[in-house]
Amino acid sequence: MFKRILFAGILPCLCLVTALFALTQLNDSHEEMKNQQIPSVFIHGYKGADRSLHGMIRRFDQKYHWGTDSLVIHISKSGKISESGHYRKSAKNPLINVVFENNRASLPQQALWTKKVMLFLKQKHGIMKFNAIGHSMGGGAFISYLAAYEKNENYPQVNKIVFLGVPFYPEEYINGETTVDLKNAPAIHTKFAKKMAKILPKDIQIMIIGGDLLDGTASDGVVSLASVLYGKQLFTEQPLEVHILKGKQATHTNLHELPQIDDYIGHFLFSNSK
């Protein structure tokens, strides 16, 4: 009788432990990614900071083991560059976080700082090719880099680029947070897209990720879905992958916090499959 009671008590406990172990293994198990030895450079958006994208970087390193949290590059308001961390070329998929002290600077200013950072990374660390991840206005800085410096052999070349919640309508970068209404916007957008299609490099793989809250705004709460999808008109000559996350979780600031988006970006940048 005692044995029967003991067994009846132990069996549920064993089942619970087994289930918890299996769940833990499932949650901690992630696809092994290839070490491509190409660093990935992250740039935050308007009003962003170190923490904006460093959470994703830490998950890529500590949770998924896809890459190595390597450097934080700080750009002062005067444009002075400083760095913390340690960069090794042999590290698995080095991850670099770029942080602007003046996080409300204009796009032309951020574009110039981005150019300066990439030249610094080449001269200091020998980086010749990199992946780019830009959130919001950070994606705008990378667009400017692509248009102006990608074909210049004196600067590092982009391998793959992720645009995360990035507004592509050009008028959204004219006056910071203030919306600028363009007369004849459709005609201007068509003309701009044709111009960009001619000057943007064609050998770069591109991913666009956006959000739709499904609350009637057709946006992620900050960036309109139309502006995000306008990117498809800019990148007509490049391999392009587009993901739109839908639902109340698809907020602008949540786009760099969601496991599903981690998965999109990780597979795009580091997957063994081509």
# chains A, B, ... in the order shown; residues from 1 in each chain; ligands from 1
call {"tool": "closest_atom_pairs", "arguments": {"of": "range 28-142 of chain A", "to": "range 257-264 of chain A", "cutoff": "9 Å", "atoms": "only C-alpha atoms", "output": "tab-separated table"}}
result
residue	atom	partner	partner_atom	distance
A:Leu53	CA	A:Glu257	CA	8.5
A:Gly55	CA	A:Glu257	CA	7.3
A:Met56	CA	A:Glu257	CA	6.6
A:Arg59	CA	A:Asp262	CA	8.4
A:Phe60	CA	A:Asp262	CA	7.9
call {"tool": "residues_around", "arguments": {"residues": "Leu107 in chain A", "least_positions_apart": "4", "cutoff": "12 Å", "atoms": "only C-alpha atoms", "output": "compact mmCIF listing (two decimals) with N, CA, C and O atoms, in the first residue's frame"}}
result
# COMPACT_ATOMS: atom_id res chain seq x y z
N GLY A 45 17.21 54.23 -34.39
CA GLY A 45 16.39 55.24 -35.04
C GLY A 45 16.40 56.59 -34.33
O GLY A 45 17.19 56.82 -33.40
N TYR A 46 15.52 57.47 -34.77
CA TYR A 46 15.37 58.80 -34.20
C TYR A 46 15.03 58.67 -32.71
O TYR A 46 14.17 57.90 -32.33
N PHE A 100 24.47 57.24 -31.75
CA PHE A 100 24.64 58.68 -31.92
C PHE A 100 24.26 59.41 -30.64
O PHE A 100 23.14 59.26 -30.14
N ASN A 102 23.83 62.63 -30.35
CA ASN A 102 22.75 63.50 -30.81
C ASN A 102 21.78 62.63 -31.61
O ASN A 102 21.90 62.49 -32.82
N ASN A 103 20.82 62.06 -30.90
CA ASN A 103 19.92 61.10 -31.54
C ASN A 103 18.72 61.76 -32.20
O ASN A 103 17.78 61.08 -32.61
N ALA A 111 23.87 60.61 -41.87
CA ALA A 111 24.51 59.96 -43.03
C ALA A 111 26.01 60.25 -43.05
O ALA A 111 26.82 59.36 -43.33
N LEU A 112 26.39 61.48 -42.73
CA LEU A 112 27.80 61.83 -42.69
C LEU A 112 28.51 61.08 -41.56
O LEU A 112 29.64 60.61 -41.72
N TRP A 113 27.84 60.97 -40.42
CA TRP A 113 28.43 60.22 -39.30
C TRP A 113 28.56 58.74 -39.64
O TRP A 113 29.53 58.09 -39.27
N THR A 114 27.58 58.21 -40.35
CA THR A 114 27.64 56.80 -40.76
C THR A 114 28.84 56.57 -41.67
O THR A 114 29.57 55.58 -41.53
N SER A 136 14.19 52.21 -38.18
CA SER A 136 13.60 53.53 -38.40
C SER A 136 14.59 54.44 -39.15
O SER A 136 15.07 54.10 -40.21
N MET A 137 14.93 55.58 -38.55
CA MET A 137 15.81 56.53 -39.22
C MET A 137 17.20 55.97 -39.45
O MET A 137 17.92 56.40 -40.36
N GLY A 138 17.59 54.98 -38.64
CA GLY A 138 18.88 54.33 -38.88
C GLY A 138 18.92 53.67 -40.23
O GLY A 138 19.98 53.59 -40.88
N GLY A 139 17.77 53.19 -40.70
CA GLY A 139 17.70 52.64 -42.05
C GLY A 139 17.88 53.72 -43.10
O GLY A 139 18.48 53.49 -44.15
N GLY A 140 17.38 54.93 -42.79
CA GLY A 140 17.58 56.05 -43.71
C GLY A 140 19.05 56.39 -43.87
O GLY A 140 19.51 56.72 -44.96
N ALA A 141 19.80 56.30 -42.76
CA ALA A 141 21.25 56.56 -42.82
C ALA A 141 21.94 55.54 -43.72
O ALA A 141 22.85 55.87 -44.49
N PHE A 142 21.49 54.28 -43.65
CA PHE A 142 22.08 53.24 -44.50
C PHE A 142 21.69 53.42 -45.97
O PHE A 142 22.47 53.10 -46.86
N ILE A 143 20.47 53.90 -46.23
CA ILE A 143 20.08 54.18 -47.62
C ILE A 143 21.01 55.24 -48.21
O ILE A 143 21.48 55.12 -49.34
N SER A 144 21.27 56.28 -47.42
CA SER A 144 22.18 57.34 -47.89
C SER A 144 23.57 56.78 -48.14
O SER A 144 24.23 57.16 -49.12
N TYR A 145 24.02 55.88 -47.28
CA TYR A 145 25.33 55.26 -47.46
C TYR A 145 25.37 54.45 -48.75
O TYR A 145 26.33 54.52 -49.53
N PRO A 170 10.61 59.87 -48.95
CA PRO A 170 11.67 60.85 -48.70
C PRO A 170 11.23 62.04 -47.86
O PRO A 170 12.04 62.59 -47.11
N GLU A 171 9.96 62.42 -47.91
CA GLU A 171 9.51 63.59 -47.16
C GLU A 171 9.52 63.37 -45.65
O GLU A 171 9.46 64.33 -44.86
N GLU A 172 9.63 62.11 -45.22
CA GLU A 172 9.62 61.82 -43.79
C GLU A 172 10.94 62.15 -43.12
O GLU A 172 11.06 62.08 -41.89
N TYR A 173 11.94 62.52 -43.92
CA TYR A 173 13.24 62.86 -43.35
C TYR A 173 13.55 64.35 -43.46
O TYR A 173 14.65 64.78 -43.12
N ILE A 174 12.58 65.13 -43.89
CA ILE A 174 12.84 66.55 -44.14
C ILE A 174 12.92 67.34 -42.86
O ILE A 174 13.78 68.20 -42.69
N ASN A 175 12.02 67.05 -41.90
CA ASN A 175 11.91 67.93 -40.74
C ASN A 175 11.69 67.15 -39.44
O ASN A 175 10.74 67.40 -38.70
N GLY A 176 12.56 66.19 -39.17
CA GLY A 176 12.49 65.46 -37.91
C GLY A 176 11.17 64.77 -37.70
O GLY A 176 10.72 63.98 -38.53
N GLU A 177 10.50 65.10 -36.58
CA GLU A 177 9.25 64.45 -36.24
C GLU A 177 8.05 65.09 -36.95
O GLU A 177 6.96 64.53 -36.94
call {"tool": "atom_distance", "arguments": {"atom1": "CA of Pro239 in chain A", "atom2": "CA of Gln205 in chain A"}}
result
5.1 Å
call {"tool": "atom_distance", "arguments": {"atom1": "CA of Pro186 in chain A", "atom2": "CA of Leu225 in chain A"}}
result
15.4 Å
call {"tool": "closest_residue", "arguments": {"among": "A:Lys160, A:Lys80, A:His125, A:Lys115", "to": "Phe270 in chain A", "atoms": "only C-alpha atoms"}}
result
A:Lys160
call {"tool": "select_by_dssp", "arguments": {"residues": "range 11-154 of chain A", "states": "helix (DSSP H, G or I)", "output": "PyMOL selection string"}}
result
chain A and resi 11-28+50-63+107-125+137-149
